[in-house]
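For reference, data.txt (compact mmCIF, C-alpha atoms and all ligand atoms):
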# COMPACT_ATOMS: atom_id res chain seq x y z
CA MET A 62 6.37 -64.48 15.98
CA GLU A 63 4.15 -61.91 14.31
CA ARG A 64 4.61 -63.58 10.98
CA ARG A 65 3.72 -66.98 12.40
CA SER A 66 0.52 -65.77 13.95
CA PHE A 67 -0.34 -64.03 10.69
CA LEU A 68 0.14 -67.28 8.82
CA LYS A 69 -1.97 -69.14 11.39
CA LYS A 70 -4.83 -66.68 10.99
CA ALA A 71 -4.50 -66.63 7.22
CA GLY A 72 -4.55 -70.44 7.26
CA ALA A 73 -8.18 -70.37 8.34
CA THR A 74 -9.05 -68.55 5.15
CA GLY A 75 -7.07 -70.90 2.94
CA LEU A 76 -4.50 -68.22 2.04
CA ALA A 77 -1.61 -69.94 3.79
CA ALA A 78 -2.54 -73.28 2.31
CA ALA A 79 -2.02 -71.80 -1.14
CA ALA A 80 1.30 -70.29 -0.08
CA VAL A 81 2.52 -73.55 1.43
CA SER A 82 1.64 -75.60 -1.61
CA ALA A 83 3.41 -73.14 -3.94
CA PRO A 84 6.93 -74.33 -4.86
CA ALA A 85 9.81 -73.00 -2.78
CA LEU A 86 11.58 -70.09 -4.40
CA ALA A 87 14.12 -71.88 -6.52
CA ALA A 88 13.20 -75.54 -6.29
CA ASP A 89 12.20 -75.56 -9.94
CA GLY A 90 14.71 -72.92 -11.00
CA PRO A 91 17.69 -73.69 -13.21
CA THR A 92 21.13 -74.37 -11.76
CA ILE A 93 23.34 -71.43 -12.67
CA ARG A 94 27.05 -71.14 -11.99
CA TRP A 95 28.85 -67.84 -12.41
CA ARG A 96 32.38 -66.73 -11.89
CA LEU A 97 33.07 -63.40 -10.19
CA ALA A 98 36.42 -61.69 -10.79
CA SER A 99 37.35 -59.43 -7.89
CA SER A 100 39.83 -56.59 -8.29
CA PHE A 101 41.04 -57.17 -4.76
CA PRO A 102 43.40 -59.51 -2.92
CA LYS A 103 42.08 -61.68 -0.09
CA SER A 104 44.32 -59.73 2.31
CA LEU A 105 41.97 -56.75 1.94
CA ASP A 106 39.42 -58.83 3.82
CA THR A 107 36.82 -56.09 4.24
CA ILE A 108 36.69 -55.23 0.52
CA TYR A 109 37.27 -58.71 -0.89
CA GLY A 110 34.74 -59.99 1.68
CA ALA A 111 31.88 -58.08 0.05
CA ALA A 112 31.97 -60.45 -2.93
CA GLU A 113 31.85 -63.40 -0.53
CA VAL A 114 28.81 -61.91 1.20
CA LEU A 115 27.13 -61.62 -2.21
CA SER A 116 28.03 -65.16 -3.22
CA LYS A 117 26.93 -66.75 0.07
CA ARG A 118 23.63 -64.88 0.20
CA VAL A 119 22.66 -65.54 -3.42
CA ALA A 120 23.28 -69.26 -2.87
CA GLU A 121 21.27 -69.29 0.37
CA ILE A 122 18.31 -67.40 -1.08
CA THR A 123 18.11 -69.67 -4.12
CA GLY A 124 18.54 -72.91 -2.16
CA GLY A 125 21.97 -73.43 -3.73
CA LYS A 126 20.70 -73.17 -7.31
CA PHE A 127 22.54 -69.94 -8.18
CA GLN A 128 26.22 -70.28 -7.34
CA ILE A 129 28.74 -67.47 -7.77
CA ARG A 130 32.37 -68.46 -7.29
CA VAL A 131 34.63 -65.60 -6.22
CA PHE A 132 38.17 -65.25 -7.59
CA ALA A 133 40.66 -62.80 -6.08
CA GLY A 134 42.41 -60.15 -8.14
CA GLY A 135 44.94 -61.78 -10.50
CA GLU A 136 43.41 -65.26 -10.38
CA ILE A 137 41.46 -64.91 -13.63
CA VAL A 138 42.39 -61.40 -14.72
CA PRO A 139 44.53 -58.64 -13.20
CA GLY A 140 42.66 -56.55 -10.65
CA THR A 141 42.51 -53.53 -12.94
CA GLN A 142 40.95 -55.46 -15.84
CA VAL A 143 37.77 -56.68 -14.19
CA LEU A 144 35.59 -54.31 -16.20
CA ASP A 145 37.05 -55.61 -19.45
CA ALA A 146 36.59 -59.22 -18.32
CA VAL A 147 32.87 -58.68 -17.65
CA GLN A 148 32.44 -56.61 -20.81
CA ASN A 149 33.96 -59.26 -23.06
CA GLY A 150 32.33 -62.23 -21.32
CA THR A 151 35.44 -63.80 -19.75
CA VAL A 152 33.42 -63.83 -16.51
CA GLU A 153 29.72 -63.27 -15.84
CA CYS A 154 30.32 -60.75 -13.06
CA GLY A 155 32.93 -58.79 -11.15
CA HIS A 156 33.65 -56.64 -8.11
CA SER A 157 35.74 -53.58 -8.66
CA ALA A 158 36.21 -49.85 -8.17
CA SER A 159 35.03 -48.01 -11.26
CA TYR A 160 37.60 -45.25 -10.89
CA TYR A 161 40.24 -47.77 -11.96
CA TYR A 162 38.87 -47.23 -15.46
CA VAL A 163 39.15 -43.43 -15.77
CA GLY A 164 41.70 -44.06 -18.53
CA LYS A 165 38.77 -45.20 -20.69
CA ASN A 166 36.51 -42.36 -19.58
CA LYS A 167 36.75 -40.06 -16.54
CA ALA A 168 32.96 -40.44 -16.09
CA PHE A 169 33.66 -43.84 -14.47
CA ALA A 170 34.86 -41.97 -11.39
CA PHE A 171 31.33 -40.83 -10.48
CA ASP A 172 30.44 -44.46 -9.78
CA THR A 173 33.13 -44.62 -7.08
CA SER A 174 34.13 -41.24 -5.72
CA ILE A 175 35.62 -38.07 -7.05
CA PRO A 176 37.82 -35.63 -5.10
CA PHE A 177 35.72 -33.36 -2.86
CA GLY A 178 32.66 -35.38 -3.90
CA LEU A 179 30.09 -37.34 -1.94
CA THR A 180 30.59 -39.16 1.35
CA SER A 181 29.55 -42.79 1.72
CA ARG A 182 25.99 -41.99 2.81
CA GLN A 183 25.65 -39.24 0.22
CA GLN A 184 26.88 -41.58 -2.51
CA ASN A 185 24.27 -44.17 -1.50
CA ALA A 186 21.59 -41.48 -1.44
CA TRP A 187 22.64 -40.38 -4.93
CA MET A 188 22.76 -43.89 -6.32
CA TYR A 189 19.56 -45.29 -4.79
CA TYR A 190 17.33 -42.20 -4.68
CA GLY A 191 19.11 -39.26 -6.33
CA GLY A 192 19.16 -40.39 -9.95
CA GLY A 193 22.76 -41.62 -9.79
CA MET A 194 21.97 -45.26 -10.54
CA LYS A 195 19.96 -44.31 -13.64
CA LEU A 196 22.78 -42.10 -14.94
CA MET A 197 25.49 -44.66 -14.19
CA ARG A 198 23.48 -47.56 -15.66
CA GLU A 199 23.00 -45.61 -18.89
CA PHE A 200 26.75 -45.05 -18.96
CA PHE A 201 27.65 -48.67 -18.11
CA ALA A 202 25.24 -49.98 -20.76
CA GLN A 203 27.80 -48.92 -23.39
CA TYR A 204 30.12 -51.50 -21.83
CA ASN A 205 27.37 -54.19 -21.72
CA ILE A 206 27.39 -54.04 -17.94
CA VAL A 207 24.69 -53.66 -15.28
CA ASN A 208 26.25 -52.08 -12.17
CA PHE A 209 25.22 -52.43 -8.51
CA PRO A 210 26.58 -50.56 -5.45
CA GLY A 211 28.81 -53.03 -3.62
CA GLY A 212 30.42 -51.56 -0.49
CA ASN A 213 32.20 -48.46 0.71
CA THR A 214 35.25 -47.70 2.86
CA GLY A 215 33.93 -44.35 4.09
CA THR A 216 36.09 -41.21 3.91
CA GLN A 217 39.65 -42.38 3.55
CA MET A 218 42.71 -41.08 5.35
CA GLY A 219 45.05 -38.67 3.58
CA GLY A 220 48.13 -40.85 3.61
CA TRP A 221 51.50 -41.45 5.20
CA PHE A 222 54.37 -38.97 4.92
CA ARG A 223 58.00 -39.47 5.80
CA ASN A 224 58.24 -35.77 6.66
CA GLU A 225 55.67 -33.25 7.81
CA VAL A 226 53.85 -31.23 5.18
CA LYS A 227 53.20 -27.80 6.67
CA SER A 228 51.92 -25.87 3.67
CA LEU A 229 51.23 -26.05 -0.03
CA ALA A 230 54.90 -25.24 -0.78
CA ASP A 231 55.96 -28.53 0.85
CA LEU A 232 54.14 -30.50 -1.86
CA LYS A 233 56.50 -29.25 -4.58
CA GLY A 234 58.38 -32.23 -6.00
CA LEU A 235 57.01 -34.57 -3.35
CA LYS A 236 56.72 -38.11 -4.71
CA MET A 237 53.47 -39.62 -3.55
CA ARG A 238 51.77 -42.86 -4.40
CA ILE A 239 48.29 -41.64 -5.28
CA PRO A 240 46.49 -42.99 -8.34
CA GLY A 241 43.58 -41.62 -10.39
CA LEU A 242 42.02 -38.17 -10.23
CA GLY A 243 43.56 -37.56 -6.81
CA GLY A 244 46.95 -38.01 -8.46
CA GLU A 245 46.04 -35.54 -11.21
CA ILE A 246 45.11 -32.95 -8.61
CA MET A 247 48.30 -33.57 -6.63
CA ALA A 248 50.25 -33.03 -9.87
CA ARG A 249 48.49 -29.69 -10.35
CA LEU A 250 49.67 -28.77 -6.85
CA GLY A 251 53.28 -29.54 -7.73
CA ALA A 252 53.61 -33.08 -6.35
CA VAL A 253 54.78 -36.05 -8.44
CA PRO A 254 52.06 -38.71 -8.28
CA GLN A 255 53.00 -42.39 -8.64
CA THR A 256 50.83 -45.41 -9.33
CA ILE A 257 52.17 -48.38 -7.38
CA ALA A 258 50.33 -51.62 -6.60
CA GLY A 259 49.51 -52.35 -2.94
CA GLY A 260 52.25 -54.90 -2.30
CA ASP A 261 55.02 -52.68 -3.69
CA ILE A 262 54.26 -49.54 -1.70
CA TYR A 263 56.00 -50.44 1.56
CA PRO A 264 59.46 -51.12 0.07
CA ALA A 265 59.23 -47.93 -2.03
CA LEU A 266 58.39 -45.89 1.06
CA GLU A 267 61.07 -47.61 3.12
CA LYS A 268 63.79 -46.97 0.52
CA GLY A 269 62.67 -43.38 0.01
CA THR A 270 61.81 -43.97 -3.65
CA ILE A 271 58.57 -42.23 -2.64
CA ASP A 272 58.05 -39.64 0.11
CA ALA A 273 54.42 -40.43 0.83
CA THR A 274 51.61 -42.83 0.07
CA GLU A 275 47.89 -43.02 0.46
CA TRP A 276 46.03 -46.30 0.88
CA VAL A 277 42.67 -46.63 2.65
CA GLY A 278 42.23 -46.01 6.37
CA PRO A 279 43.58 -47.21 9.74
CA TYR A 280 42.35 -50.83 9.46
CA ASP A 281 43.91 -51.56 6.06
CA ASP A 282 46.88 -49.20 6.46
CA GLU A 283 48.04 -50.79 9.71
CA LYS A 284 48.28 -54.20 8.03
CA LEU A 285 50.66 -52.81 5.39
CA GLY A 286 52.89 -51.38 8.12
CA PHE A 287 53.46 -47.90 6.69
CA TYR A 288 53.76 -46.51 10.24
CA LYS A 289 57.13 -48.21 10.59
CA VAL A 290 58.73 -46.00 7.92
CA ALA A 291 56.50 -42.90 7.75
CA LYS A 292 55.12 -41.60 11.05
CA HIS A 293 53.06 -38.67 9.80
CA TYR A 294 49.46 -39.71 9.10
CA TYR A 295 47.36 -37.05 7.39
CA TYR A 296 43.60 -36.58 7.08
CA PRO A 297 41.20 -36.29 5.35
CA GLY A 298 41.72 -38.18 2.09
CA PHE A 299 39.94 -35.45 0.14
CA TRP A 300 40.27 -37.43 -3.10
CA GLU A 301 38.14 -40.28 -1.67
CA PRO A 302 35.29 -38.89 0.44
CA GLY A 303 33.19 -42.05 0.07
CA PRO A 304 34.53 -44.51 -2.47
CA LEU A 305 31.86 -46.95 -3.54
CA LEU A 306 32.81 -50.38 -4.84
CA SER A 307 30.63 -51.91 -7.55
CA PHE A 308 29.43 -55.28 -8.69
CA TYR A 309 29.39 -55.57 -12.47
CA VAL A 310 27.14 -58.05 -14.26
CA SER A 311 27.27 -58.79 -17.99
CA SER A 312 23.98 -57.40 -19.36
CA LYS A 313 23.63 -60.48 -21.56
CA GLU A 314 23.92 -62.83 -18.56
CA TRP A 315 21.67 -60.60 -16.44
CA ALA A 316 18.89 -60.79 -19.04
CA LYS A 317 19.10 -64.62 -18.96
CA LEU A 318 18.51 -64.84 -15.19
CA PRO A 319 15.06 -65.78 -13.84
CA LYS A 320 13.41 -62.79 -12.13
CA GLU A 321 13.80 -64.48 -8.72
CA TYR A 322 17.55 -64.85 -9.21
CA GLN A 323 17.82 -61.22 -10.27
CA ALA A 324 16.00 -60.23 -7.07
CA ALA A 325 18.33 -62.47 -5.04
CA PHE A 326 21.39 -60.85 -6.60
CA GLU A 327 20.06 -57.35 -6.07
CA ALA A 328 19.20 -58.01 -2.40
CA ALA A 329 22.56 -59.68 -1.72
CA ALA A 330 24.45 -56.81 -3.37
CA ALA A 331 22.58 -54.29 -1.20
CA GLU A 332 23.43 -56.33 1.88
CA ALA A 333 27.11 -56.46 0.92
CA ASN A 334 27.01 -52.71 0.36
CA VAL A 335 25.73 -52.01 3.89
CA LEU A 336 27.94 -54.57 5.63
CA MET A 337 31.25 -53.36 4.20
CA GLN A 338 30.74 -49.84 5.49
CA ALA A 339 29.60 -51.14 8.88
CA GLU A 340 32.68 -53.36 9.13
CA TYR A 341 35.04 -50.47 8.37
CA ASP A 342 33.22 -48.20 10.83
CA ALA A 343 33.59 -50.86 13.51
CA LYS A 344 37.25 -51.70 12.80
CA ASN A 345 38.84 -48.34 11.90
CA PRO A 346 38.54 -46.71 15.36
CA GLN A 347 40.31 -49.66 17.04
CA ALA A 348 43.06 -49.66 14.44
CA LEU A 349 43.53 -45.92 14.90
CA VAL A 350 44.04 -46.39 18.66
CA SER A 351 46.56 -49.13 17.93
CA LEU A 352 48.45 -46.92 15.43
CA LEU A 353 48.60 -44.03 17.91
CA GLN A 354 50.06 -46.40 20.50
CA LYS A 355 52.81 -47.16 17.97
CA GLY A 356 53.83 -43.51 17.85
CA VAL A 357 51.97 -42.36 14.76
CA LYS A 358 51.51 -38.58 14.52
CA LEU A 359 48.15 -37.40 13.23
CA HIS A 360 47.93 -34.20 11.17
CA LYS A 361 45.06 -32.38 9.54
CA TYR A 362 45.94 -31.25 6.00
CA PRO A 363 46.88 -27.55 6.07
CA VAL A 364 43.91 -25.49 4.90
CA ASP A 365 45.86 -23.90 2.02
CA ILE A 366 46.40 -27.40 0.58
CA LEU A 367 42.71 -28.29 0.92
CA LYS A 368 41.59 -25.02 -0.66
CA ALA A 369 44.03 -25.26 -3.56
CA ALA A 370 43.15 -28.93 -4.11
CA GLN A 371 39.42 -28.22 -4.17
CA LYS A 372 39.95 -25.35 -6.64
CA GLU A 373 42.01 -27.59 -8.93
CA ALA A 374 39.50 -30.45 -8.62
CA PHE A 375 36.60 -28.35 -9.86
CA ALA A 376 38.77 -26.74 -12.56
CA LEU A 377 39.54 -30.27 -13.76
CA TYR A 378 35.83 -31.21 -13.77
CA GLU A 379 34.87 -28.10 -15.75
CA GLU A 380 37.65 -28.78 -18.28
CA GLU A 381 36.57 -32.41 -18.63
CA ALA A 382 32.87 -31.49 -18.95
CA ALA A 383 33.75 -29.12 -21.81
CA LYS A 384 35.20 -31.98 -23.87
CA ASN A 385 33.46 -35.14 -22.63
CA PRO A 386 29.64 -35.29 -23.12
CA ALA A 387 29.20 -38.40 -20.90
CA PHE A 388 31.12 -36.70 -18.08
CA LYS A 389 29.16 -33.47 -18.53
CA LYS A 390 25.77 -35.19 -18.37
CA ILE A 391 26.55 -36.94 -15.09
CA TYR A 392 28.54 -34.06 -13.59
CA THR A 393 25.74 -31.51 -14.13
CA GLU A 394 23.19 -33.62 -12.21
CA TRP A 395 25.72 -34.83 -9.65
CA LYS A 396 26.80 -31.28 -8.78
CA LYS A 397 23.23 -30.15 -8.03
CA PHE A 398 22.77 -33.17 -5.78
CA ARG A 399 26.08 -32.52 -4.01
CA THR A 400 25.17 -28.91 -3.15
CA LEU A 401 21.89 -29.97 -1.54
CA GLN A 402 23.60 -32.76 0.40
CA HIS A 403 26.15 -30.43 2.00
CA GLY A 404 23.32 -28.07 3.02
CA TRP A 405 21.75 -30.95 4.91
CA PHE A 406 24.67 -32.95 6.34
CA ASN A 407 26.42 -29.88 7.72
CA LEU A 408 23.35 -29.11 9.85
CA ALA A 409 22.17 -31.69 12.40
CA GLU A 410 24.65 -34.54 11.99
CA ALA A 411 27.91 -32.60 11.71
CA THR A 412 26.90 -30.24 14.55
CA LEU A 413 25.97 -33.04 16.91
CA GLU A 414 29.04 -35.12 16.08
CA ASN A 415 31.35 -32.14 16.59
CA PHE A 416 29.68 -31.22 19.88
CA MET A 417 29.86 -34.78 21.22
CA TYR A 418 33.51 -35.09 20.29
CA SER A 419 34.53 -31.70 21.73
CA ASN A 420 32.61 -32.43 24.94
CA ARG A 421 33.31 -36.13 25.16
CA LYS A 422 32.60 -37.98 28.37
CA CA B 501 42.84 -44.70 -1.38
Take the structure in the file and give it back as C-alpha cells.
Amino acid sequence: MERRSFLKKAGATGLAAAAVSAPALAADGPTIRWRLASSFPKSLDTIYGAAEVLSKRVAEITGGKFQIRVFAGGEIVPGTQVLDAVQNGTVECGHSASYYYVGKNKAFAFDTSIPFGLTSRQQNAWMYYGGGMKLMREFFAQYNIVNFPGGNTGTQMGGWFRNEVKSLADLKGLKMRIPGLGGEIMARLGAVPQTIAGGDIYPALEKGTIDATEWVGPYDDEKLGFYKVAKHYYYPGFWEPGPLLSFYVSSKEWAKLPKEYQAAFEAAAAEANVLMQAEYDAKNPQALVSLLQKGVKLHKYPVDILKAAQKEAFALYEEEAAKNPAFKKIYTEWKKFRTLQHGWFNLAEATLENFMYSNRK
C-alpha cells in the first residue's frame, strides 16, 4: 500500500509517468537458456530444490526471458564432476558442494565447511561481509567460475553407529562412511574412512561392511532408513558445522549476461540460500521426534573424541598451509574471522538457547 501511495504522489510530479513508460525489466532483453548441472539427486528434495528455487525465480524476474533448466546429478555429468562441467563449458552453471573437489585443492573446502569451522550463519557472515566471497572468488577464478552461496543444511548430525562409541579407543579400526576432510581426521583417530555414494550406504551398513555412516541430519537421514540397522545416532557432526552449497557460473557466460539478468541471478541465489536453511530448520525437529519414536538412541560424542578430532583438524590445516599457498591465504583470514565469531555467538545466542532448553515450558 505504501508503495502505491508513493507512486500516486510521485505521479503528480511526472516521476511515475516516466517509470511507467520505461520498458519492463526484460521485455527487450535477449532470450537466454542455460543448463544447470546439480550434484544432487531429486530425492534430496531440500538440497536439489535450491536449484529449482533459483531457476523459477530467475525466470519470473526476467518475464521468462532467462531460463535455467535444472538437471539432477548424473543426468548430464556425475554429481562429483559439476565443477569440471562448468569449468570446461559443458554447462553454463551448476549447483554443488565445493568440498567434493578437495582432491584438486583442499582450499575448496573453505567454500563449503571445514571440520570445527563456521556454522551456517557464521559462514554466511564470512561470505557476504567477512571477506570470504572475495577470497573464494579469487580462488574460483582460476577455474573460470563465479561462485554464489546456494543453501546450507546447518550443523549436521554425527552419524549412525551399529554399536556405541564410548571413547576414542572405540574408533580404532571402525569402518565409517565419511568422505572428505572429516574422513582424513577420522583416519588420524584410528578409524577407517570409506567413501560410498548415498544409495549404497544402507546395504553396506545392513551387511556390516561398514560399522557407521554419516549423512546429513534427521530429515534426510530418516528417508535413507539407517535407523533400521544402526540405532545409535551421534551428534554433533563436527566435520560439517555449516556446509554451504554453491552455485557455479562459467565466468565467460556470466560476462555475457545483461546486468539485469546478473542481478536476477544474484537475488535468486540469495533467496535459495536463505530458503534451504529455513526448510531444514523447519523439517529436522519433526524428523528427530519421528526417529526417537522409532527407538533411535541419541548420543553426544565423547569429549575425548571431540578434543582429539579438533587437535588433528588444526594440525592438518597447519600442515596444508605450509605447502599450499592458496590454502594458506584463505586459512589465515578465515581463522581470524572464526575466532571473533565464537567470541560473539557463545555469548547472547548460545546462553539464551541453552537456558530456554534447560528450562523448557
Ligand atoms: Ca555429511
At most 12 Å from ligand CA 501 (chain B) (all atoms listed in the file): residue list as a ChimeraX atom specification: /A:158,160-161,173-176,213-221,237-244,256-259,274-279,281-282,296-305
Counting all atoms listed in the file, the residue of A:Ser157, A:Ser181, A:Asn415, A:Asn407 that sits nearest A:Gln338: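 Of A:Ser157, A:Ser181, A:Asn415, A:Asn407, the one nearest A:Gln338 is A:Ser181, counting all atoms listed in the file.
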Residue nearest A:Ala343 among A:Pro264, A:Tyr280, A:Asn208, A:Ala374 (counting all atoms listed in the file): A:Tyr280
Atomic distance atom CA of A:Trp395 - atom CA of A:Tyr190, expressed in Å with one decimal: 12.2 Å
Between atom CA of A:Lys344 and atom CA of A:Ala112, distance in Å (one decimal): 18.8 Å
Which of A:Ala409, A:Leu250, A:Ala331, A:Val138 sits closest to A:Ala98 [using all atoms listed in the file]: A:Val138
Nearest candidate to A:Gly211 (options A:Pro102, A:Gly251, A:Gly155, A:Pro91; using all atoms listed in the file): A:Gly155
Atomic separation - atom CA of A:Ile93 relative to atom CA of A:Pro319, Å: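 We find that atom CA of A:Pro319 and atom CA of A:Ile93 lie 10.1 Å from each other.
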Among listed residues A:Phe200, A:Glu380, A:Ser419, A:Lys126, nearest A:Ala170 (using all atoms listed in the file):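 The closest residue to A:Ala170 is A:Phe200.
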Within-9 Å shell of (30.3, -59.0, -16.7) in input frame, all atoms listed in the file, as a PyMOL selection string: chain A and resi 97-98+143-155+205-207+308-315
Residue with smallest distance to A:Ala252 - pool A:Val163, A:Ala316, A:Ala370, A:Ala265, counting only C-alpha atoms: A:Ala370
Neighbour list for stretch 271-273 of chain A as a PyMOL selection string, cut-off 12 Å, all atoms listed in the file, skip fewer than 5 positions in-chain: chain A and resi 219-226+231-239+247+252-257+261-266+287-288+290-295
Shell around A:Lys227 at 10 Å using all atoms listed in the file, local window under 5 positions removed, as a list in words: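 The neighbour list is Leu232, His360, Lys361, Tyr362, Pro363, Val364, Asp365 and Ile366 of chain A.
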Since the input has fewer atoms than a full residue there, write stretch 273-287 of chain A out with N, CA and C atoms, as a PDB file, in the coordinates of the input.
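Output file out.pdb is given in full below:
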ATOM      1  N   ALA A 273      55.726 -40.308   0.176  1.00  0.00           N
ATOM      2  CA  ALA A 273      54.420 -40.430   0.830  1.00  0.00           C
ATOM      3  C   ALA A 273      53.559 -41.430   0.060  1.00  0.00           C
ATOM      4  N   THR A 274      52.555 -41.945   0.747  1.00  0.00           N
ATOM      5  CA  THR A 274      51.610 -42.830   0.070  1.00  0.00           C
ATOM      6  C   THR A 274      50.233 -42.714   0.710  1.00  0.00           C
ATOM      7  N   GLU A 275      49.227 -42.877  -0.092  1.00  0.00           N
ATOM      8  CA  GLU A 275      47.890 -43.020   0.460  1.00  0.00           C
ATOM      9  C   GLU A 275      47.489 -44.477   0.261  1.00  0.00           C
ATOM     10  N   TRP A 276      46.555 -44.948   1.089  1.00  0.00           N
ATOM     11  CA  TRP A 276      46.030 -46.300   0.880  1.00  0.00           C
ATOM     12  C   TRP A 276      44.542 -46.279   1.185  1.00  0.00           C
ATOM     13  N   VAL A 277      44.109 -46.625   2.380  1.00  0.00           N
ATOM     14  CA  VAL A 277      42.670 -46.630   2.650  1.00  0.00           C
ATOM     15  C   VAL A 277      42.367 -45.880   3.943  1.00  0.00           C
ATOM     16  N   GLY A 278      42.513 -46.581   5.048  1.00  0.00           N
ATOM     17  CA  GLY A 278      42.230 -46.010   6.370  1.00  0.00           C
ATOM     18  C   GLY A 278      42.942 -46.860   7.400  1.00  0.00           C
ATOM     19  N   PRO A 279      42.789 -46.540   8.694  1.00  0.00           N
ATOM     20  CA  PRO A 279      43.580 -47.210   9.740  1.00  0.00           C
ATOM     21  C   PRO A 279      43.577 -48.745   9.642  1.00  0.00           C
ATOM     22  N   TYR A 280      42.416 -49.362   9.425  1.00  0.00           N
ATOM     23  CA  TYR A 280      42.350 -50.830   9.460  1.00  0.00           C
ATOM     24  C   TYR A 280      43.228 -51.465   8.374  1.00  0.00           C
ATOM     25  N   ASP A 281      43.106 -50.984   7.144  1.00  0.00           N
ATOM     26  CA  ASP A 281      43.910 -51.560   6.060  1.00  0.00           C
ATOM     27  C   ASP A 281      45.361 -51.061   6.109  1.00  0.00           C
ATOM     28  N   ASP A 282      45.532 -49.794   6.472  1.00  0.00           N
ATOM     29  CA  ASP A 282      46.880 -49.200   6.460  1.00  0.00           C
ATOM     30  C   ASP A 282      47.796 -49.866   7.494  1.00  0.00           C
ATOM     31  N   GLU A 283      47.219 -50.189   8.653  1.00  0.00           N
ATOM     32  CA  GLU A 283      48.040 -50.790   9.710  1.00  0.00           C
ATOM     33  C   GLU A 283      48.628 -52.123   9.243  1.00  0.00           C
ATOM     34  N   LYS A 284      47.816 -52.886   8.501  1.00  0.00           N
ATOM     35  CA  LYS A 284      48.280 -54.200   8.030  1.00  0.00           C
ATOM     36  C   LYS A 284      49.484 -54.077   7.101  1.00  0.00           C
ATOM     37  N   LEU A 285      49.532 -52.976   6.316  1.00  0.00           N
ATOM     38  CA  LEU A 285      50.660 -52.810   5.390  1.00  0.00           C
ATOM     39  C   LEU A 285      51.895 -52.220   6.076  1.00  0.00           C
ATOM     40  N   GLY A 286      51.726 -51.767   7.315  1.00  0.00           N
ATOM     41  CA  GLY A 286      52.890 -51.380   8.120  1.00  0.00           C
ATOM     42  C   GLY A 286      53.558 -50.058   7.774  1.00  0.00           C
ATOM     43  N   PHE A 287      52.839 -49.172   7.084  1.00  0.00           N
ATOM     44  CA  PHE A 287      53.460 -47.900   6.690  1.00  0.00           C
ATOM     45  C   PHE A 287      54.002 -47.101   7.882  1.00  0.00           C
TER      46      PHE A 287
END
